[in-house]
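See below for the structure under consideration.
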Amino acid sequence: MTEEIIIAGFGGQGVLSMGKILCYSGVMQDMEVSWMPSYGPEMRGGTANVTVILSDKRISSPILNSYDSAIILNQQSMDKFESKIKPGGILLYDGNGITRHPERNDIQIYRADAAAESAKMESARTFNMIMLGAFLKIKPVVKFENVIKGLKKSLPERYHHLIALNEKALIRGAEIIQPVEVA
Amino acid sequence: MAEEYKLMKGNEAIAEAAIRAGTDGYFGYPITPQSEVMEYLTAAKPHETTGMIVLQAESEVASINMLYGGAGAGKKVMTSSSSPGISLMQEGISYIAGAELPCLIVNVQRGGPGLGTIQPGQADYFQATKGGGHGDYRLIVLAPASVQEMADFVSLSFDLAFKYRNPVMILSDGAIGQMMEKVKFKEQVPRMTEFPDWATTGKNPDRERNIITSLDLDPARHERFNLKLQRKYKEVQEKEVLFEEYMCDDAEYVLVAFGTSARICQKSVEMAREEGIKAGLFRPITLWPFPSKELESLTSHVKGMLSVEMNSGQMVEDVRLAVHDNIKVGHYGRMGGIIPAPDEIVEALKKQIIGD
């Protein structure tokens, strides 16, 4: 099994840390993982993206130009990555701020309005964990208990009191995800 | 099992490996995309544990000369920088090679020339392998292709550096520096307490004073010294070549690539194989000494080779020298911080090497 994922959005949305937690979850179940961020000028005040690969084999290229799954958090990323999902692949997006919704009919499209949901949970920082929970509902590449272990590994000790809130966010994500039909 | 692994950036792995290798001193100056090396080291505070010194120098020129001094005293010293910073260090590197001192220099390459870009590149191959500074000298150059190798090559570099009294360079790039993968570290090695007999550790009454210099104004003596250096380099070429082959046994076409490019080429090989092309990957791990003989031996069954590099064609010259005119050799490269995609490499292989 190899899953090639792009996570893309604005800097500050937790794109890179979502990828890191996903990777740590993979490490917890003895998978091979790679996490390749955009670190260029775009990251300095603009879009951020990370390529995450989880596999039970040695990972070849950490840099890709087509993906099994895309987690899309803003319009720029939708424009950039919708066309780069492999046929039959998955596109999961947050509807907040999206003006042009995905149009492809050869992929599976899902929507989880995590920004709105994180506002209801009164913690904007749960946003990325809501998205991750939604993703893992449709693509359970890592076990839920390993995500919690991964969270513990990737969060500094001083944030460990937030793990329960993150756990709640993951569960909420799995509840709010909706399939999207493209006409 | 899983607990033994850490998830880390390549740059952080170098820093942790440096502490564990018993390094005495790190001297550096920040530059993207390798600043995490010093950031990690300063946060880890190894002066409280192993006694390792971590110092931000006022410039790259100062850093390399701090290495010169530390190495002269027989200490395990290292620096890291990225392309423009490494250019600034070239005078010092030449002096260190001329004074026959061991040290580790890490170049996490970015695109050039000049300030270029902060995105990854491999255009410092010539500088690293052909002598970036003046004079007839060589660096031993290691090219890691994973975060694990970033860690492993630190202690390997120090072993080679002390074995041959020669500076060693880890030639990495921004992609491997910034990428996170699983990594397992070796046990902590204590810092050295005994030093080589050539080190300037203070003169004893029972021996002559040790002098560290790269200057010798007597032509005959200096030629003898140069010949001695060349004999040393020849020995390195005979004994220290490292490389990796991937699906080369039955390959008709071979991609030759190092570092990040080699990782991408591995995927290209898999894609080509799916199309029925018998492709393989040859990855030089030591860029100097270059695995020429090993590459040449592949020409018994390989019809063509494509050197894939994030530059305009540098290593391809060494590939051509290795295989002579026996088979077709081409180059495919991207520049400016652009990383080639696996499928464009397959296309280039078909177009340039396989043909119709």
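Within each chain, counting starts at residue 1; across the structure tokens, chains are named A, B, ... in the order shown, with ligands numbered 1 upward in that order.
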
| task | Please run DSSP on the backbone and report, as a ChimeraX atom specification, all residues within segment 21-129 of chain B that come out as alpha helix (DSSP H). | result | /B:36-44,60-72,83-88,90-98,125-129

Once you count only C-alpha atoms, what closest atom pair and distance in Å to one decimal does each residue of chain B within 8 Å of chain A have, with rows by chain and rising residue number, as CSV?
```
residue,atom,partner,partner_atom,distance
B:Met1,CA,A:Asp30,CA,7.4
B:Ala2,CA,A:Met28,CA,5.4
B:Glu3,CA,A:Met28,CA,7.4
B:Tyr5,CA,A:Val27,CA,7.6
B:Leu7,CA,A:Tyr24,CA,6.8
B:Ile118,CA,A:Gly40,CA,6.4
B:Gln119,CA,A:Gly40,CA,6.1
B:Ala175,CA,A:Met36,CA,7.4
B:Gln178,CA,A:Met36,CA,6.9
B:Met179,CA,A:Met36,CA,4.6
B:Met180,CA,A:Trp35,CA,4.9
B:Glu181,CA,A:Ser34,CA,4.8
B:Lys182,CA,A:Val33,CA,6.7
B:Arg263,CA,A:Ser61,CA,4.7
B:Ile264,CA,A:Ser61,CA,4.2
B:Cys265,CA,A:Ser61,CA,7.3
B:Gln266,CA,A:Ser60,CA,5.4
B:Lys267,CA,A:Ser60,CA,5.4
B:Ile339,CA,A:Ile63,CA,7.9
B:Ala341,CA,A:Leu64,CA,6.4
B:Pro342,CA,A:Leu64,CA,7.2
```

Those selected residues, please, written with N, CA, C and O atoms and delivered as a PDB file, in the first residue's frame.
```pdb
ATOM      1  N   MET B   1       9.486  -1.100  18.297  1.00  0.00           N
ATOM      2  CA  MET B   1      10.072  -0.893  16.968  1.00  0.00           C
ATOM      3  C   MET B   1       9.939   0.568  16.549  1.00  0.00           C
ATOM      4  O   MET B   1      10.918   1.284  16.392  1.00  0.00           O
ATOM      5  N   ALA B   2       8.634   0.968  16.462  1.00  0.00           N
ATOM      6  CA  ALA B   2       8.352   2.333  15.989  1.00  0.00           C
ATOM      7  C   ALA B   2       8.949   3.386  16.913  1.00  0.00           C
ATOM      8  O   ALA B   2       9.319   4.455  16.467  1.00  0.00           O
ATOM      9  N   GLU B   3       9.080   3.024  18.175  1.00  0.00           N
ATOM     10  CA  GLU B   3       9.541   3.996  19.170  1.00  0.00           C
ATOM     11  C   GLU B   3      10.987   4.434  18.926  1.00  0.00           C
ATOM     12  O   GLU B   3      11.378   5.515  19.292  1.00  0.00           O
ATOM     13  N   TYR B   5      12.375   5.085  16.156  1.00  0.00           N
ATOM     14  CA  TYR B   5      12.507   6.030  15.058  1.00  0.00           C
ATOM     15  C   TYR B   5      12.061   7.424  15.460  1.00  0.00           C
ATOM     16  O   TYR B   5      11.118   7.590  16.226  1.00  0.00           O
ATOM     17  N   LEU B   7      10.969  11.242  13.632  1.00  0.00           N
ATOM     18  CA  LEU B   7      10.583  11.862  12.370  1.00  0.00           C
ATOM     19  C   LEU B   7      11.272  13.218  12.352  1.00  0.00           C
ATOM     20  O   LEU B   7      11.026  14.051  13.224  1.00  0.00           O
ATOM     21  N   ILE B 118      16.359  30.110  -3.080  1.00  0.00           N
ATOM     22  CA  ILE B 118      16.466  29.293  -1.872  1.00  0.00           C
ATOM     23  C   ILE B 118      15.953  27.872  -2.109  1.00  0.00           C
ATOM     24  O   ILE B 118      16.014  27.026  -1.237  1.00  0.00           O
ATOM     25  N   GLN B 119      15.465  27.616  -3.311  1.00  0.00           N
ATOM     26  CA  GLN B 119      14.973  26.279  -3.650  1.00  0.00           C
ATOM     27  C   GLN B 119      16.145  25.346  -3.965  1.00  0.00           C
ATOM     28  O   GLN B 119      17.233  25.803  -4.275  1.00  0.00           O
ATOM     29  N   ALA B 175      16.029  20.050  -0.772  1.00  0.00           N
ATOM     30  CA  ALA B 175      14.899  19.118  -0.667  1.00  0.00           C
ATOM     31  C   ALA B 175      15.144  18.125   0.469  1.00  0.00           C
ATOM     32  O   ALA B 175      14.279  17.924   1.329  1.00  0.00           O
ATOM     33  N   GLN B 178      15.093  19.833   3.940  1.00  0.00           N
ATOM     34  CA  GLN B 178      13.779  20.258   4.444  1.00  0.00           C
ATOM     35  C   GLN B 178      12.798  19.107   4.623  1.00  0.00           C
ATOM     36  O   GLN B 178      11.778  19.253   5.285  1.00  0.00           O
ATOM     37  N   MET B 179      13.092  17.977   4.000  1.00  0.00           N
ATOM     38  CA  MET B 179      12.161  16.856   4.021  1.00  0.00           C
ATOM     39  C   MET B 179      12.232  16.123   5.363  1.00  0.00           C
ATOM     40  O   MET B 179      13.291  16.028   5.964  1.00  0.00           O
ATOM     41  N   MET B 180      11.084  15.606   5.819  1.00  0.00           N
ATOM     42  CA  MET B 180      11.095  14.769   7.019  1.00  0.00           C
ATOM     43  C   MET B 180      10.894  13.313   6.633  1.00  0.00           C
ATOM     44  O   MET B 180      10.035  12.994   5.799  1.00  0.00           O
ATOM     45  N   GLU B 181      11.694  12.459   7.252  1.00  0.00           N
ATOM     46  CA  GLU B 181      11.533  11.020   7.110  1.00  0.00           C
ATOM     47  C   GLU B 181      11.858  10.375   8.451  1.00  0.00           C
ATOM     48  O   GLU B 181      12.338  11.042   9.356  1.00  0.00           O
ATOM     49  N   LYS B 182      11.640   9.073   8.502  1.00  0.00           N
ATOM     50  CA  LYS B 182      12.016   8.333   9.699  1.00  0.00           C
ATOM     51  C   LYS B 182      13.528   8.252   9.778  1.00  0.00           C
ATOM     52  O   LYS B 182      14.193   8.064   8.771  1.00  0.00           O
ATOM     53  N   ARG B 263      16.432   9.913  -5.778  1.00  0.00           N
ATOM     54  CA  ARG B 263      15.149   9.486  -5.217  1.00  0.00           C
ATOM     55  C   ARG B 263      14.053   9.561  -6.277  1.00  0.00           C
ATOM     56  O   ARG B 263      13.213   8.685  -6.405  1.00  0.00           O
ATOM     57  N   ILE B 264      14.086  10.651  -7.038  1.00  0.00           N
ATOM     58  CA  ILE B 264      13.060  10.839  -8.062  1.00  0.00           C
ATOM     59  C   ILE B 264      13.241   9.803  -9.165  1.00  0.00           C
ATOM     60  O   ILE B 264      12.272   9.218  -9.653  1.00  0.00           O
ATOM     61  N   CYS B 265      14.506   9.549  -9.512  1.00  0.00           N
ATOM     62  CA  CYS B 265      14.794   8.574 -10.564  1.00  0.00           C
ATOM     63  C   CYS B 265      14.352   7.162 -10.187  1.00  0.00           C
ATOM     64  O   CYS B 265      14.018   6.361 -11.054  1.00  0.00           O
ATOM     65  N   GLN B 266      14.367   6.879  -8.890  1.00  0.00           N
ATOM     66  CA  GLN B 266      13.909   5.555  -8.468  1.00  0.00           C
ATOM     67  C   GLN B 266      12.451   5.355  -8.897  1.00  0.00           C
ATOM     68  O   GLN B 266      12.067   4.307  -9.383  1.00  0.00           O
ATOM     69  N   LYS B 267      11.679   6.397  -8.733  1.00  0.00           N
ATOM     70  CA  LYS B 267      10.270   6.350  -9.178  1.00  0.00           C
ATOM     71  C   LYS B 267      10.202   6.254 -10.706  1.00  0.00           C
ATOM     72  O   LYS B 267       9.375   5.520 -11.245  1.00  0.00           O
ATOM     73  N   ILE B 339      12.536  21.031  -9.398  1.00  0.00           N
ATOM     74  CA  ILE B 339      12.895  19.631  -9.213  1.00  0.00           C
ATOM     75  C   ILE B 339      12.236  18.838 -10.340  1.00  0.00           C
ATOM     76  O   ILE B 339      11.035  18.992 -10.569  1.00  0.00           O
ATOM     77  N   ALA B 341      10.261  16.099 -12.400  1.00  0.00           N
ATOM     78  CA  ALA B 341       9.218  15.147 -12.010  1.00  0.00           C
ATOM     79  C   ALA B 341       9.560  13.778 -12.593  1.00  0.00           C
ATOM     80  O   ALA B 341      10.211  13.691 -13.641  1.00  0.00           O
ATOM     81  N   PRO B 342       9.112  12.705 -11.899  1.00  0.00           N
ATOM     82  CA  PRO B 342       9.465  11.360 -12.361  1.00  0.00           C
ATOM     83  C   PRO B 342       9.077  11.095 -13.819  1.00  0.00           C
ATOM     84  O   PRO B 342       9.854  10.496 -14.558  1.00  0.00           O
TER      85      PRO B 342
END
```

| said: Need the shell around Thr117 of chain B: protein/DNA/RNA residues with any atom at most 8 Å away, counting only C-alpha atoms. Skip same-chain ones fewer than 4 positions apart. Format as a list in words? | reply: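 My list of contacting residues is Arg110, Gly111, Gly112, Gly336 and Gly337 of chain B.
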
| request: Name the residues of segment 163-285 of chain B that fall into strand (DSSP E or B) according to DSSP on the backbone, using the chain letters and numbers of this document, as number ranges by chain. | output: B: 167-173, 180-183, 243-246, 253-256, 279-284

| message | As an exercise, work out the distance from atom CA of Asp94 of chain A to atom CA of Ala116 of chain A in Å and give it to one decimal place. | response | 9.1 Å

| All residues 8 Å or closer to Met1 of chain A, only C-alpha atoms, same chain fewer than 5 positions away omitted, as a PyMOL selection string | chain A and resi 55-57

| request: Write out as number ranges by chain which residues come within 8 Å of Asn210 of chain B when counting only C-alpha atoms, dropping same-chain ones fewer than 5 positions away. | output: B: 198-200, 203

Written selection (N, CA and C atoms) as a JSON list (two decimals), in the first residue's frame:
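Below is the file out-v1.json, written as the result:
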```json
[["chain", "number", "residue", "atom", "x", "y", "z"],
["B", 198, "TRP", "N", 49.88, 14.60, 15.10],
["B", 198, "TRP", "CA", 50.20, 15.82, 14.34],
["B", 198, "TRP", "C", 49.51, 17.05, 14.92],
["B", 199, "ALA", "N", 48.57, 16.84, 15.86],
["B", 199, "ALA", "CA", 47.75, 17.95, 16.34],
["B", 199, "ALA", "C", 48.57, 18.94, 17.19],
["B", 200, "THR", "N", 48.21, 20.21, 17.10],
["B", 200, "THR", "CA", 48.90, 21.24, 17.89],
["B", 200, "THR", "C", 48.21, 21.36, 19.25],
["B", 203, "LYS", "N", 53.32, 21.87, 22.93],
["B", 203, "LYS", "CA", 54.57, 21.14, 22.74],
["B", 203, "LYS", "C", 55.04, 20.47, 24.04]]
```

| Residue nearest Thr213 of chain B among B:Ser94, B:Gln237, B:Ser35, B:Ser63 (counting only C-alpha atoms) |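 Ranking B:Ser94, B:Gln237, B:Ser35, B:Ser63 by distance to Thr213 of chain B, first place goes to B:Ser94.
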
| request: Choose the residue, out of A:Leu155, A:Ala119, A:Ala174, A:Ile6, that has the smallest atom-to-atom separation from Leu132 of chain A; count only C-alpha atoms. | output: A:Ala174

| said: Could you list, as an MDAnalysis selection string, every residue within 10 Å of Asp173 of chain B, counting only C-alpha atoms and ignoring same-chain residues fewer than 6 positions away? | reply: chainID B and resid 10:11 33:34 82:83 106:111 119:124 143:145 259:261 310

With C-alpha atoms retained, could you export that selection as a PDB file, in the first residue's frame?
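Result written to again_22.pdb:
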```pdb
ATOM      1  CA  GLY B  10      17.367  16.186   7.026  1.00  0.00           C
ATOM      2  CA  ASN B  11      18.952  19.310   8.491  1.00  0.00           C
ATOM      3  CA  PRO B  33      17.764  26.149   3.320  1.00  0.00           C
ATOM      4  CA  GLN B  34      20.019  24.788   6.050  1.00  0.00           C
ATOM      5  CA  SER B  82      24.323  26.510   1.501  1.00  0.00           C
ATOM      6  CA  SER B  83      25.762  27.309  -1.916  1.00  0.00           C
ATOM      7  CA  VAL B 106      27.962  20.287   4.853  1.00  0.00           C
ATOM      8  CA  ASN B 107      26.564  21.987   1.746  1.00  0.00           C
ATOM      9  CA  VAL B 108      22.763  21.953   1.601  1.00  0.00           C
ATOM     10  CA  GLN B 109      22.676  23.229  -1.962  1.00  0.00           C
ATOM     11  CA  ARG B 110      20.296  25.800  -3.402  1.00  0.00           C
ATOM     12  CA  GLY B 111      19.970  26.997  -6.963  1.00  0.00           C
ATOM     13  CA  GLN B 119      14.973  26.279  -3.650  1.00  0.00           C
ATOM     14  CA  PRO B 120      17.011  23.083  -4.069  1.00  0.00           C
ATOM     15  CA  GLY B 121      19.727  22.626  -6.685  1.00  0.00           C
ATOM     16  CA  GLN B 122      22.701  20.408  -7.503  1.00  0.00           C
ATOM     17  CA  ALA B 123      24.780  22.899  -9.419  1.00  0.00           C
ATOM     18  CA  ASP B 124      27.661  22.813  -6.913  1.00  0.00           C
ATOM     19  CA  ALA B 143      25.851  12.621  -1.396  1.00  0.00           C
ATOM     20  CA  PRO B 144      23.018  11.522   0.906  1.00  0.00           C
ATOM     21  CA  ALA B 145      19.669  10.611  -0.646  1.00  0.00           C
ATOM     22  CA  GLY B 259      20.858  12.885  -3.826  1.00  0.00           C
ATOM     23  CA  THR B 260      17.325  14.149  -4.419  1.00  0.00           C
ATOM     24  CA  SER B 261      17.534  13.384  -8.142  1.00  0.00           C
ATOM     25  CA  MET B 310      19.378  19.540 -10.910  1.00  0.00           C
TER      26      MET B 310
END
```

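Rounded to one decimal, atom CA of Gly114 of chain B and atom CA of Thr32 of chain B lie 13.9 Å from each other.
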
| Skipping near chain neighbours, those fewer than 3 positions away, what residues fall within 8 Å of Ala70 of chain A using only C-alpha atoms, listed as a count of residues only? | 11
